[in-house]
Amino acid sequence: MSTSLMPLDPAMSPQQVSRLLPIRAKLLPAEITSRRNAHRMRAFVIAGVVLALAGLGGWSAQAYHDHSLAEDDLTAVNAQIAKVNSTMNDPQHAQVTRTINDNKAISDELKTLMANDLRWSTLLDNLRSTGTASNVTLSQISVSLSEAGTATTTSAGAVATLNLQGAAKDKSTIAGFIKKLGAMSGLGNPYLTTASQSSETGADRHYTFTISADVTPSALCGRFTTPCKTGGK
């Protein structure tokens, strides 16, 4: 219990003040006040817990709803797949299914048979364009195939050997042409076999040369295997 003095009211006369003392007292014991505060705090905590549970309940309901929708979609997709499978196997569409399977089997066989196919027209066009860019005139291109030149057994070796004969104005031009051959996709190990200077004098003097190069497995391409790339790089 606590006692406190109230301030004097200036509107009251001294006689009234002497007869009526401005006193206010709290007569409740401290344990009752503490119990009331504890009850109030407990109510706040319970309200917070109830709100949290309500939020969790709403989230759980939404998650269950989304899960139900996903299961419905999965059931619909499975039903469509089963319907398509049954349609493909029925007598009306059996011929179409057999034709598709036959086409796939033929494509697989062609991939095996044409594994070492090579687009020679593309390779020769790239050689000619590289020679033109290097100011070199190619007069003859010959190819000798490797006996073991298959895509599966010569992955680290040569599929074929190229022999290039041509003419250039000087040795530096020939060297530049060999360097560009080395940068071409599908070619490897280009080297100069022979080089001889012509008997002409003045501006007509030139060099004739022979260059050998390996055709690497990366040059293998075709319609049923790896698609062929165009260009000299």
# chains A, B, ... in the order shown; residues from 1 in each chain; ligands from 1
>>> select_by_dssp(residues="region 150-218 of chain A", states="alpha helix (DSSP H)", output="VMD selection string")
chain A and resid 171 to 183
>>> residues_around(residues="Thr216 (chain A)", least_positions_apart="2", cutoff="7 Å", atoms="only C-alpha atoms", output="MDAnalysis selection string")
chainID A and resid 157:159 186:188 214 218:219
>>> residues_around(residues="region 201-206 of chain A", least_positions_apart="6", cutoff="12 Å", atoms="only C-alpha atoms", output="ChimeraX atom specification")
/A:135-137,166-174,195
>>> write_last_selection(atoms="all heavy atoms", output="PDB file, in the first residue's frame")
ATOM      1  N   ASN A 135      47.232 -16.115-102.129  1.00  0.00           N
ATOM      2  CA  ASN A 135      47.900 -15.781-103.399  1.00  0.00           C
ATOM      3  C   ASN A 135      48.669 -16.972-103.952  1.00  0.00           C
ATOM      4  O   ASN A 135      49.787 -16.857-104.467  1.00  0.00           O
ATOM      5  CB  ASN A 135      48.839 -14.584-103.222  1.00  0.00           C
ATOM      6  CG  ASN A 135      48.087 -13.306-102.869  1.00  0.00           C
ATOM      7  OD1 ASN A 135      46.987 -13.059-103.376  1.00  0.00           O
ATOM      8  ND2 ASN A 135      48.672 -12.510-101.982  1.00  0.00           N
ATOM      9  N   VAL A 136      48.049 -18.157-103.806  1.00  0.00           N
ATOM     10  CA  VAL A 136      48.647 -19.393-104.287  1.00  0.00           C
ATOM     11  C   VAL A 136      47.716 -19.999-105.327  1.00  0.00           C
ATOM     12  O   VAL A 136      46.486 -20.004-105.150  1.00  0.00           O
ATOM     13  CB  VAL A 136      48.876 -20.376-103.126  1.00  0.00           C
ATOM     14  CG1 VAL A 136      49.195 -21.769-103.640  1.00  0.00           C
ATOM     15  CG2 VAL A 136      50.023 -19.883-102.249  1.00  0.00           C
ATOM     16  N   THR A 137      48.274 -20.540-106.397  1.00  0.00           N
ATOM     17  CA  THR A 137      47.498 -21.218-107.428  1.00  0.00           C
ATOM     18  C   THR A 137      47.686 -22.722-107.295  1.00  0.00           C
ATOM     19  O   THR A 137      48.818 -23.218-107.384  1.00  0.00           O
ATOM     20  CB  THR A 137      47.936 -20.763-108.824  1.00  0.00           C
ATOM     21  OG1 THR A 137      47.778 -19.349-108.938  1.00  0.00           O
ATOM     22  CG2 THR A 137      47.097 -21.429-109.894  1.00  0.00           C
ATOM     23  N   GLY A 166      51.082 -26.761-106.666  1.00  0.00           N
ATOM     24  CA  GLY A 166      50.697 -25.426-107.073  1.00  0.00           C
ATOM     25  C   GLY A 166      51.886 -24.543-107.316  1.00  0.00           C
ATOM     26  O   GLY A 166      53.041 -24.996-107.366  1.00  0.00           O
ATOM     27  N   ALA A 167      51.592 -23.244-107.422  1.00  0.00           N
ATOM     28  CA  ALA A 167      52.643 -22.274-107.724  1.00  0.00           C
ATOM     29  C   ALA A 167      52.418 -21.022-106.892  1.00  0.00           C
ATOM     30  O   ALA A 167      51.272 -20.668-106.566  1.00  0.00           O
ATOM     31  CB  ALA A 167      52.641 -21.924-109.210  1.00  0.00           C
ATOM     32  N   ALA A 168      53.514 -20.372-106.536  1.00  0.00           N
ATOM     33  CA  ALA A 168      53.478 -19.127-105.774  1.00  0.00           C
ATOM     34  C   ALA A 168      54.651 -18.267-106.216  1.00  0.00           C
ATOM     35  O   ALA A 168      55.636 -18.763-106.781  1.00  0.00           O
ATOM     36  CB  ALA A 168      53.543 -19.394-104.284  1.00  0.00           C
ATOM     37  N   LYS A 169      54.579 -16.982-105.924  1.00  0.00           N
ATOM     38  CA  LYS A 169      55.609 -16.063-106.416  1.00  0.00           C
ATOM     39  C   LYS A 169      56.903 -16.167-105.622  1.00  0.00           C
ATOM     40  O   LYS A 169      57.983 -15.871-106.145  1.00  0.00           O
ATOM     41  CB  LYS A 169      55.097 -14.633-106.391  1.00  0.00           C
ATOM     42  CG  LYS A 169      54.761 -14.134-104.990  1.00  0.00           C
ATOM     43  CD  LYS A 169      54.271 -12.687-105.026  1.00  0.00           C
ATOM     44  CE  LYS A 169      53.970 -12.165-103.625  1.00  0.00           C
ATOM     45  NZ  LYS A 169      53.513 -10.747-103.653  1.00  0.00           N
ATOM     46  N   ASP A 170      56.836 -16.562-104.333  1.00  0.00           N
ATOM     47  CA  ASP A 170      58.071 -16.666-103.553  1.00  0.00           C
ATOM     48  C   ASP A 170      57.847 -17.670-102.413  1.00  0.00           C
ATOM     49  O   ASP A 170      56.742 -18.180-102.189  1.00  0.00           O
ATOM     50  CB  ASP A 170      58.505 -15.301-103.002  1.00  0.00           C
ATOM     51  CG  ASP A 170      57.377 -14.565-102.295  1.00  0.00           C
ATOM     52  OD1 ASP A 170      56.538 -15.238-101.665  1.00  0.00           O
ATOM     53  OD2 ASP A 170      57.324 -13.325-102.405  1.00  0.00           O
ATOM     54  N   LYS A 171      58.914 -17.919-101.653  1.00  0.00           N
ATOM     55  CA  LYS A 171      58.858 -18.898-100.576  1.00  0.00           C
ATOM     56  C   LYS A 171      58.006 -18.423 -99.395  1.00  0.00           C
ATOM     57  O   LYS A 171      57.366 -19.230 -98.722  1.00  0.00           O
ATOM     58  CB  LYS A 171      60.275 -19.224-100.104  1.00  0.00           C
ATOM     59  CG  LYS A 171      61.110 -19.973-101.131  1.00  0.00           C
ATOM     60  CD  LYS A 171      62.487 -20.297-100.569  1.00  0.00           C
ATOM     61  CE  LYS A 171      63.319 -21.074-101.586  1.00  0.00           C
ATOM     62  NZ  LYS A 171      64.666 -21.404-101.058  1.00  0.00           N
ATOM     63  N   SER A 172      58.034 -17.114 -99.124  1.00  0.00           N
ATOM     64  CA  SER A 172      57.241 -16.607 -98.007  1.00  0.00           C
ATOM     65  C   SER A 172      55.745 -16.810 -98.253  1.00  0.00           C
ATOM     66  O   SER A 172      54.974 -17.065 -97.318  1.00  0.00           O
ATOM     67  CB  SER A 172      57.547 -15.127 -97.773  1.00  0.00           C
ATOM     68  OG  SER A 172      57.215 -14.351 -98.922  1.00  0.00           O
ATOM     69  N   THR A 173      55.330 -16.701 -99.507  1.00  0.00           N
ATOM     70  CA  THR A 173      53.922 -16.946 -99.837  1.00  0.00           C
ATOM     71  C   THR A 173      53.562 -18.408 -99.596  1.00  0.00           C
ATOM     72  O   THR A 173      52.489 -18.728 -99.073  1.00  0.00           O
ATOM     73  CB  THR A 173      53.635 -16.571-101.297  1.00  0.00           C
ATOM     74  OG1 THR A 173      53.979 -15.202-101.499  1.00  0.00           O
ATOM     75  CG2 THR A 173      52.173 -16.780-101.634  1.00  0.00           C
ATOM     76  N   ILE A 174      54.475 -19.311 -99.943  1.00  0.00           N
ATOM     77  CA  ILE A 174      54.245 -20.734 -99.686  1.00  0.00           C
ATOM     78  C   ILE A 174      54.157 -20.996 -98.184  1.00  0.00           C
ATOM     79  O   ILE A 174      53.303 -21.752 -97.713  1.00  0.00           O
ATOM     80  CB  ILE A 174      55.362 -21.576-100.329  1.00  0.00           C
ATOM     81  CG1 ILE A 174      55.387 -21.373-101.838  1.00  0.00           C
ATOM     82  CG2 ILE A 174      55.180 -23.050 -99.990  1.00  0.00           C
ATOM     83  CD1 ILE A 174      56.552 -22.069-102.537  1.00  0.00           C
ATOM     84  N   ALA A 195      59.964 -27.875-103.435  1.00  0.00           N
ATOM     85  CA  ALA A 195      59.818 -26.490-103.899  1.00  0.00           C
ATOM     86  C   ALA A 195      60.955 -26.207-104.863  1.00  0.00           C
ATOM     87  O   ALA A 195      62.142 -26.446-104.556  1.00  0.00           O
ATOM     88  CB  ALA A 195      59.844 -25.512-102.738  1.00  0.00           C
TER      89      ALA A 195
END
>>> select_by_dssp(residues="region 14-213 of chain A", states="strand (DSSP E)", output="ChimeraX atom specification")
/A:23-26,137-145,160-168,187-197,207-213
